[in-house]
Amino acid sequence: MSFRSAISRNVPALQPAYVRSPAGGRDAVFRFSVPVLRVRDVAITIAWYKRHLGFTAEAFPEHGPHEFAILERDGVQLLVRRATGPTRAVDGHSGWDLYIWVDGVDFPRLEASIALAGEIVRPLAPMGDSMAELEVRDPDGYVLCIGGPTRASVTRS
(Lines give C-alpha, C1' and ligand atoms only; values in the text may rest on other atoms or scores of the structure.)
Protein backbone atom coordinates (compact mmCIF):
# COMPACT_ATOMS: atom_id res chain seq x y z
CA MET A 1 0.00 0.00 0.00
CA SER A 2 1.37 3.43 -0.92
CA PHE A 3 1.59 6.29 1.54
CA ARG A 4 -0.93 8.26 -0.54
CA SER A 5 -3.51 5.46 -0.45
CA ALA A 6 -2.92 4.96 3.28
CA ILE A 7 -3.65 8.64 3.83
CA SER A 8 -6.82 8.55 1.75
CA ARG A 9 -8.17 5.54 3.66
CA ASN A 10 -7.47 6.54 7.21
CA VAL A 11 -6.42 10.16 7.63
CA PRO A 12 -7.39 10.48 11.32
CA ALA A 13 -5.27 7.46 12.25
CA LEU A 14 -2.19 9.23 10.86
CA GLN A 15 -2.75 12.35 12.98
CA PRO A 16 -1.19 12.50 16.44
CA ALA A 17 -3.65 11.87 19.25
CA TYR A 18 -3.36 15.44 20.53
CA VAL A 19 -4.85 16.88 17.32
CA ARG A 20 -7.56 14.26 16.85
CA SER A 21 -11.08 14.92 17.93
CA PRO A 22 -11.92 13.48 21.36
CA ALA A 23 -15.06 11.34 21.48
CA GLY A 24 -17.90 13.72 20.63
CA GLY A 25 -15.54 16.69 20.61
CA ARG A 26 -14.07 19.04 18.08
CA ASP A 27 -10.76 18.73 16.21
CA ALA A 28 -7.90 20.98 17.23
CA VAL A 29 -7.89 24.07 15.02
CA PHE A 30 -4.56 25.52 13.92
CA ARG A 31 -5.00 29.31 13.70
CA PHE A 32 -1.75 30.76 12.36
CA SER A 33 1.95 30.28 11.89
CA VAL A 34 4.59 32.94 12.44
CA PRO A 35 8.00 32.75 10.76
CA VAL A 36 11.08 33.24 12.92
CA LEU A 37 14.04 34.87 11.21
CA ARG A 38 17.56 34.62 12.68
CA VAL A 39 19.23 38.03 12.34
CA ARG A 40 22.62 39.59 13.11
CA ASP A 41 21.22 42.71 14.77
CA VAL A 42 17.60 42.90 15.93
CA ALA A 43 17.61 46.73 16.04
CA ILE A 44 18.83 47.04 12.43
CA THR A 45 16.22 44.53 11.27
CA ILE A 46 13.45 46.39 13.14
CA ALA A 47 14.53 49.68 11.54
CA TRP A 48 14.48 48.17 8.01
CA TYR A 49 11.02 46.63 8.37
CA LYS A 50 9.67 49.87 9.90
CA ARG A 51 11.21 52.13 7.25
CA HIS A 52 10.32 50.11 4.17
CA LEU A 53 7.15 48.21 5.11
CA GLY A 54 5.69 50.14 8.04
CA PHE A 55 5.89 47.35 10.62
CA THR A 56 5.77 48.15 14.33
CA ALA A 57 7.96 46.22 16.75
CA GLU A 58 8.11 45.15 20.34
CA ALA A 59 11.67 44.24 21.27
CA PHE A 60 12.96 42.20 24.21
CA PRO A 61 14.63 43.20 26.37
CA GLU A 62 13.12 46.64 26.02
CA HIS A 63 16.52 48.36 26.04
CA GLY A 64 19.21 47.02 23.71
CA PRO A 65 20.94 44.97 22.78
CA HIS A 66 17.75 43.17 21.79
CA GLU A 67 17.59 39.38 21.67
CA PHE A 68 14.15 39.04 20.12
CA ALA A 69 11.36 41.14 18.57
CA ILE A 70 7.80 40.74 17.34
CA LEU A 71 7.20 42.75 14.17
CA GLU A 72 3.59 43.34 13.19
CA ARG A 73 1.46 45.14 10.66
CA ASP A 74 -2.21 44.59 9.79
CA GLY A 75 -2.28 41.19 11.49
CA VAL A 76 0.89 39.94 9.77
CA GLN A 77 3.58 39.00 12.25
CA LEU A 78 7.26 38.16 11.95
CA LEU A 79 9.51 37.14 14.81
CA VAL A 80 13.19 37.98 14.70
CA ARG A 81 15.79 36.49 17.01
CA ARG A 82 19.43 37.45 17.34
CA ALA A 83 21.57 34.76 15.79
CA THR A 84 24.59 33.35 17.52
CA GLY A 85 25.77 31.76 14.28
CA PRO A 86 25.38 32.50 10.59
CA THR A 87 22.17 34.07 9.27
CA ARG A 88 20.70 33.65 5.79
CA ALA A 89 23.46 33.56 3.17
CA VAL A 90 23.57 36.55 0.82
CA ASP A 91 25.39 34.66 -1.92
CA GLY A 92 22.75 35.08 -4.61
CA HIS A 93 19.08 34.57 -5.19
CA SER A 94 18.00 31.15 -4.05
CA GLY A 95 14.27 31.67 -3.72
CA TRP A 96 11.86 33.39 -1.40
CA ASP A 97 12.01 33.22 2.35
CA LEU A 98 8.74 35.12 2.83
CA TYR A 99 5.82 35.97 0.56
CA ILE A 100 3.77 38.93 1.73
CA TRP A 101 0.51 39.88 0.00
CA VAL A 102 -0.34 43.57 0.34
CA ASP A 103 -3.59 45.19 -0.78
CA GLY A 104 -3.24 48.80 -1.86
CA VAL A 105 0.54 48.96 -2.10
CA ASP A 106 2.07 51.68 -4.26
CA PHE A 107 4.55 49.36 -5.95
CA PRO A 108 6.60 52.00 -7.83
CA ARG A 109 7.03 54.02 -4.64
CA LEU A 110 7.97 50.94 -2.59
CA GLU A 111 10.45 49.83 -5.24
CA ALA A 112 12.04 53.30 -5.39
CA SER A 113 12.41 53.41 -1.60
CA ILE A 114 14.06 50.02 -1.37
CA ALA A 115 16.21 50.60 -4.48
CA LEU A 116 17.96 53.50 -2.71
CA ALA A 117 19.54 50.92 -0.43
CA GLY A 118 20.32 48.56 -3.35
CA GLU A 119 18.19 45.72 -2.01
CA ILE A 120 16.12 44.83 -5.11
CA VAL A 121 16.41 41.16 -6.08
CA ARG A 122 13.83 41.23 -8.91
CA PRO A 123 12.34 44.50 -10.14
CA LEU A 124 8.62 45.10 -10.12
CA ALA A 125 7.02 42.63 -12.51
CA PRO A 126 3.40 42.32 -13.60
CA MET A 127 1.87 38.92 -12.94
CA GLY A 128 -1.00 38.79 -15.42
CA ASP A 129 -3.41 41.72 -15.71
CA SER A 130 -4.32 42.17 -12.09
CA MET A 131 -1.28 41.73 -9.86
CA ALA A 132 2.42 42.45 -9.58
CA GLU A 133 5.37 41.26 -7.51
CA LEU A 134 8.59 42.77 -6.27
CA GLU A 135 11.44 40.79 -4.71
CA VAL A 136 13.64 42.50 -2.14
CA ARG A 137 16.40 41.49 0.26
CA ASP A 138 16.35 42.51 3.92
CA PRO A 139 19.54 43.34 5.89
CA ASP A 140 20.15 39.68 6.76
CA GLY A 141 19.75 38.39 3.22
CA TYR A 142 16.18 37.07 3.51
CA VAL A 143 14.33 37.42 0.21
CA LEU A 144 10.81 38.80 0.46
CA CYS A 145 8.43 38.59 -2.45
CA ILE A 146 5.84 41.32 -2.03
CA GLY A 147 2.77 40.72 -4.15
CA GLY A 148 -0.51 42.51 -4.51
CA PRO A 149 -3.16 43.75 -6.87
CA THR A 150 -2.15 46.44 -9.32
CA ARG A 151 -3.86 49.81 -9.09
CA ALA A 152 -5.61 49.16 -12.43
CA SER A 153 -7.26 46.00 -11.08
CA VAL A 154 -8.28 47.79 -7.88
CA THR A 155 -10.00 50.60 -9.76
CA ARG A 156 -11.84 48.13 -12.06
CA SER A 157 -13.43 46.28 -9.14
# chains A, B, ... in the order shown; residues from 1 in each chain; ligands from 1
>>> residues_around(residues="region 58-62 of chain A", least_positions_apart="2", cutoff="9 Å", atoms="only C-alpha atoms", output="VMD selection string")
chain A and resid 42 to 43 46 56 64 to 72
>>> write_last_selection(atoms="N, CA, C and O atoms", output="PDB file, in the first residue's frame")
ATOM      1  N   VAL A  42      19.054  42.736  15.850  1.00  0.00           N
ATOM      2  CA  VAL A  42      17.600  42.900  15.928  1.00  0.00           C
ATOM      3  C   VAL A  42      17.207  44.356  15.672  1.00  0.00           C
ATOM      4  O   VAL A  42      16.245  44.626  14.951  1.00  0.00           O
ATOM      5  N   ALA A  43      17.944  45.321  16.214  1.00  0.00           N
ATOM      6  CA  ALA A  43      17.607  46.735  16.042  1.00  0.00           C
ATOM      7  C   ALA A  43      17.688  47.162  14.574  1.00  0.00           C
ATOM      8  O   ALA A  43      16.820  47.898  14.088  1.00  0.00           O
ATOM      9  N   ILE A  46      14.660  45.630  12.796  1.00  0.00           N
ATOM     10  CA  ILE A  46      13.447  46.391  13.138  1.00  0.00           C
ATOM     11  C   ILE A  46      13.391  47.675  12.318  1.00  0.00           C
ATOM     12  O   ILE A  46      12.361  48.003  11.729  1.00  0.00           O
ATOM     13  N   THR A  56       5.450  47.705  12.981  1.00  0.00           N
ATOM     14  CA  THR A  56       5.774  48.147  14.333  1.00  0.00           C
ATOM     15  C   THR A  56       6.525  46.997  14.986  1.00  0.00           C
ATOM     16  O   THR A  56       6.489  45.867  14.488  1.00  0.00           O
ATOM     17  N   GLY A  64      18.264  47.858  24.412  1.00  0.00           N
ATOM     18  CA  GLY A  64      19.212  47.017  23.712  1.00  0.00           C
ATOM     19  C   GLY A  64      20.388  46.558  24.551  1.00  0.00           C
ATOM     20  O   GLY A  64      20.569  47.039  25.655  1.00  0.00           O
ATOM     21  N   PRO A  65      21.175  45.639  24.062  1.00  0.00           N
ATOM     22  CA  PRO A  65      20.943  44.969  22.779  1.00  0.00           C
ATOM     23  C   PRO A  65      19.765  43.993  22.867  1.00  0.00           C
ATOM     24  O   PRO A  65      19.618  43.282  23.860  1.00  0.00           O
ATOM     25  N   HIS A  66      18.949  44.008  21.824  1.00  0.00           N
ATOM     26  CA  HIS A  66      17.754  43.174  21.795  1.00  0.00           C
ATOM     27  C   HIS A  66      18.103  41.746  21.386  1.00  0.00           C
ATOM     28  O   HIS A  66      18.944  41.529  20.521  1.00  0.00           O
ATOM     29  N   GLU A  67      17.426  40.801  22.005  1.00  0.00           N
ATOM     30  CA  GLU A  67      17.589  39.385  21.672  1.00  0.00           C
ATOM     31  C   GLU A  67      16.496  38.893  20.738  1.00  0.00           C
ATOM     32  O   GLU A  67      16.684  37.927  20.007  1.00  0.00           O
ATOM     33  N   PHE A  68      15.344  39.570  20.768  1.00  0.00           N
ATOM     34  CA  PHE A  68      14.149  39.045  20.123  1.00  0.00           C
ATOM     35  C   PHE A  68      13.200  40.209  19.861  1.00  0.00           C
ATOM     36  O   PHE A  68      13.214  41.197  20.591  1.00  0.00           O
ATOM     37  N   ALA A  69      12.383  40.117  18.816  1.00  0.00           N
ATOM     38  CA  ALA A  69      11.360  41.140  18.574  1.00  0.00           C
ATOM     39  C   ALA A  69      10.186  40.525  17.830  1.00  0.00           C
ATOM     40  O   ALA A  69      10.345  39.574  17.056  1.00  0.00           O
ATOM     41  N   ILE A  70       9.021  41.088  18.073  1.00  0.00           N
ATOM     42  CA  ILE A  70       7.805  40.742  17.339  1.00  0.00           C
ATOM     43  C   ILE A  70       7.507  41.934  16.442  1.00  0.00           C
ATOM     44  O   ILE A  70       7.297  43.044  16.932  1.00  0.00           O
ATOM     45  N   LEU A  71       7.531  41.708  15.136  1.00  0.00           N
ATOM     46  CA  LEU A  71       7.201  42.753  14.171  1.00  0.00           C
ATOM     47  C   LEU A  71       5.782  42.487  13.700  1.00  0.00           C
ATOM     48  O   LEU A  71       5.422  41.323  13.444  1.00  0.00           O
ATOM     49  N   GLU A  72       4.986  43.544  13.564  1.00  0.00           N
ATOM     50  CA  GLU A  72       3.591  43.341  13.192  1.00  0.00           C
ATOM     51  C   GLU A  72       3.070  44.502  12.363  1.00  0.00           C
ATOM     52  O   GLU A  72       3.435  45.649  12.558  1.00  0.00           O
TER      53      GLU A  72
END
>>> closest_residue(among="A:Arg81, A:Arg73, A:Lys50, A:Arg137", to="Glu119 (chain A)", atoms="only C-alpha atoms")
A:Arg137
>>> residues_around(residues="Leu53 (chain A)", least_positions_apart="5", cutoff="12 Å", atoms="only C-alpha atoms", output="ChimeraX atom specification")
/A:45-48,71-74,76,100-102,105-107,109-111,113-114,136,138,144,146
>>> select_by_dssp(residues="region 40-146 of chain A", states="strand (DSSP E)", output="ChimeraX atom specification")
/A:56-60,68-73,76-82,98-101,120-127,131-137,143-146
>>> select_by_dssp(residues="region 32-132 of chain A", states="helix (DSSP H, G or I)", output="ChimeraX atom specification")
/A:42-53,107-115
>>> write_last_selection(atoms="N, CA and C atoms", output="short mmCIF file (atom, residue, chain, number, x, y, z; two decimals), in the first residue's frame")
data_model
loop_
_atom_site.label_atom_id
_atom_site.label_comp_id
_atom_site.auth_asym_id
_atom_site.auth_seq_id
_atom_site.Cartn_x
_atom_site.Cartn_y
_atom_site.Cartn_z
N VAL A 42 19.05 42.74 15.85
CA VAL A 42 17.60 42.90 15.93
C VAL A 42 17.21 44.36 15.67
N ALA A 43 17.94 45.32 16.21
CA ALA A 43 17.61 46.73 16.04
C ALA A 43 17.69 47.16 14.57
N ILE A 44 18.70 46.70 13.86
CA ILE A 44 18.83 47.04 12.43
C ILE A 44 17.68 46.43 11.64
N THR A 45 17.32 45.20 11.96
CA THR A 45 16.22 44.53 11.27
C THR A 45 14.90 45.27 11.54
N ILE A 46 14.66 45.63 12.80
CA ILE A 46 13.45 46.39 13.14
C ILE A 46 13.39 47.67 12.32
N ALA A 47 14.49 48.40 12.26
CA ALA A 47 14.53 49.68 11.54
C ALA A 47 14.21 49.49 10.06
N TRP A 48 14.73 48.43 9.43
CA TRP A 48 14.48 48.17 8.01
C TRP A 48 13.00 47.87 7.76
N TYR A 49 12.43 47.00 8.57
CA TYR A 49 11.02 46.63 8.37
C TYR A 49 10.08 47.80 8.68
N LYS A 50 10.46 48.66 9.62
CA LYS A 50 9.67 49.87 9.90
C LYS A 50 9.76 50.83 8.72
N ARG A 51 10.98 51.12 8.29
CA ARG A 51 11.21 52.13 7.25
C ARG A 51 10.58 51.73 5.92
N HIS A 52 10.77 50.50 5.50
CA HIS A 52 10.32 50.11 4.17
C HIS A 52 8.90 49.56 4.12
N LEU A 53 8.46 48.89 5.17
CA LEU A 53 7.15 48.21 5.11
C LEU A 53 6.18 48.68 6.19
N PHE A 107 3.35 50.11 -5.59
CA PHE A 107 4.55 49.36 -5.95
C PHE A 107 5.70 50.24 -6.44
N PRO A 108 5.46 51.18 -7.37
CA PRO A 108 6.60 52.00 -7.83
C PRO A 108 7.27 52.77 -6.69
N ARG A 109 6.47 53.28 -5.78
CA ARG A 109 7.03 54.02 -4.64
C ARG A 109 7.82 53.10 -3.71
N LEU A 110 7.27 51.91 -3.42
CA LEU A 110 7.97 50.94 -2.59
C LEU A 110 9.29 50.53 -3.24
N GLU A 111 9.24 50.24 -4.53
CA GLU A 111 10.45 49.83 -5.24
C GLU A 111 11.51 50.94 -5.20
N ALA A 112 11.09 52.18 -5.41
CA ALA A 112 12.04 53.30 -5.39
C ALA A 112 12.68 53.45 -4.01
N SER A 113 11.89 53.29 -2.97
CA SER A 113 12.41 53.41 -1.60
C SER A 113 13.45 52.34 -1.31
N ILE A 114 13.14 51.12 -1.66
CA ILE A 114 14.06 50.02 -1.37
C ILE A 114 15.28 50.07 -2.29
N ALA A 115 15.10 50.53 -3.52
CA ALA A 115 16.21 50.60 -4.48
C ALA A 115 17.30 51.56 -4.01
#
>>> atom_distance(atom1="CA of Val34 (chain A)", atom2="CA of Leu78 (chain A)")
5.9 Å
>>> closest_residue(among="A:Tyr142, A:Phe55, A:Tyr99, A:Phe30", to="Gln77 (chain A)", atoms="only C-alpha atoms")
A:Phe55
>>> closest_residue(among="A:Val143, A:Ser33, A:Ser130, A:Pro149", to="Gly75 (chain A)", atoms="only C-alpha atoms")
A:Ser33
>>> closest_residue(among="A:Gly85, A:Leu98, A:His63, A:Pro126", to="Val36 (chain A)", atoms="only C-alpha atoms")
A:Leu98
>>> closest_residue(among="A:Ala83, A:Thr150, A:Cys145, A:Asp140", to="Met127 (chain A)", atoms="only C-alpha atoms")
A:Thr150
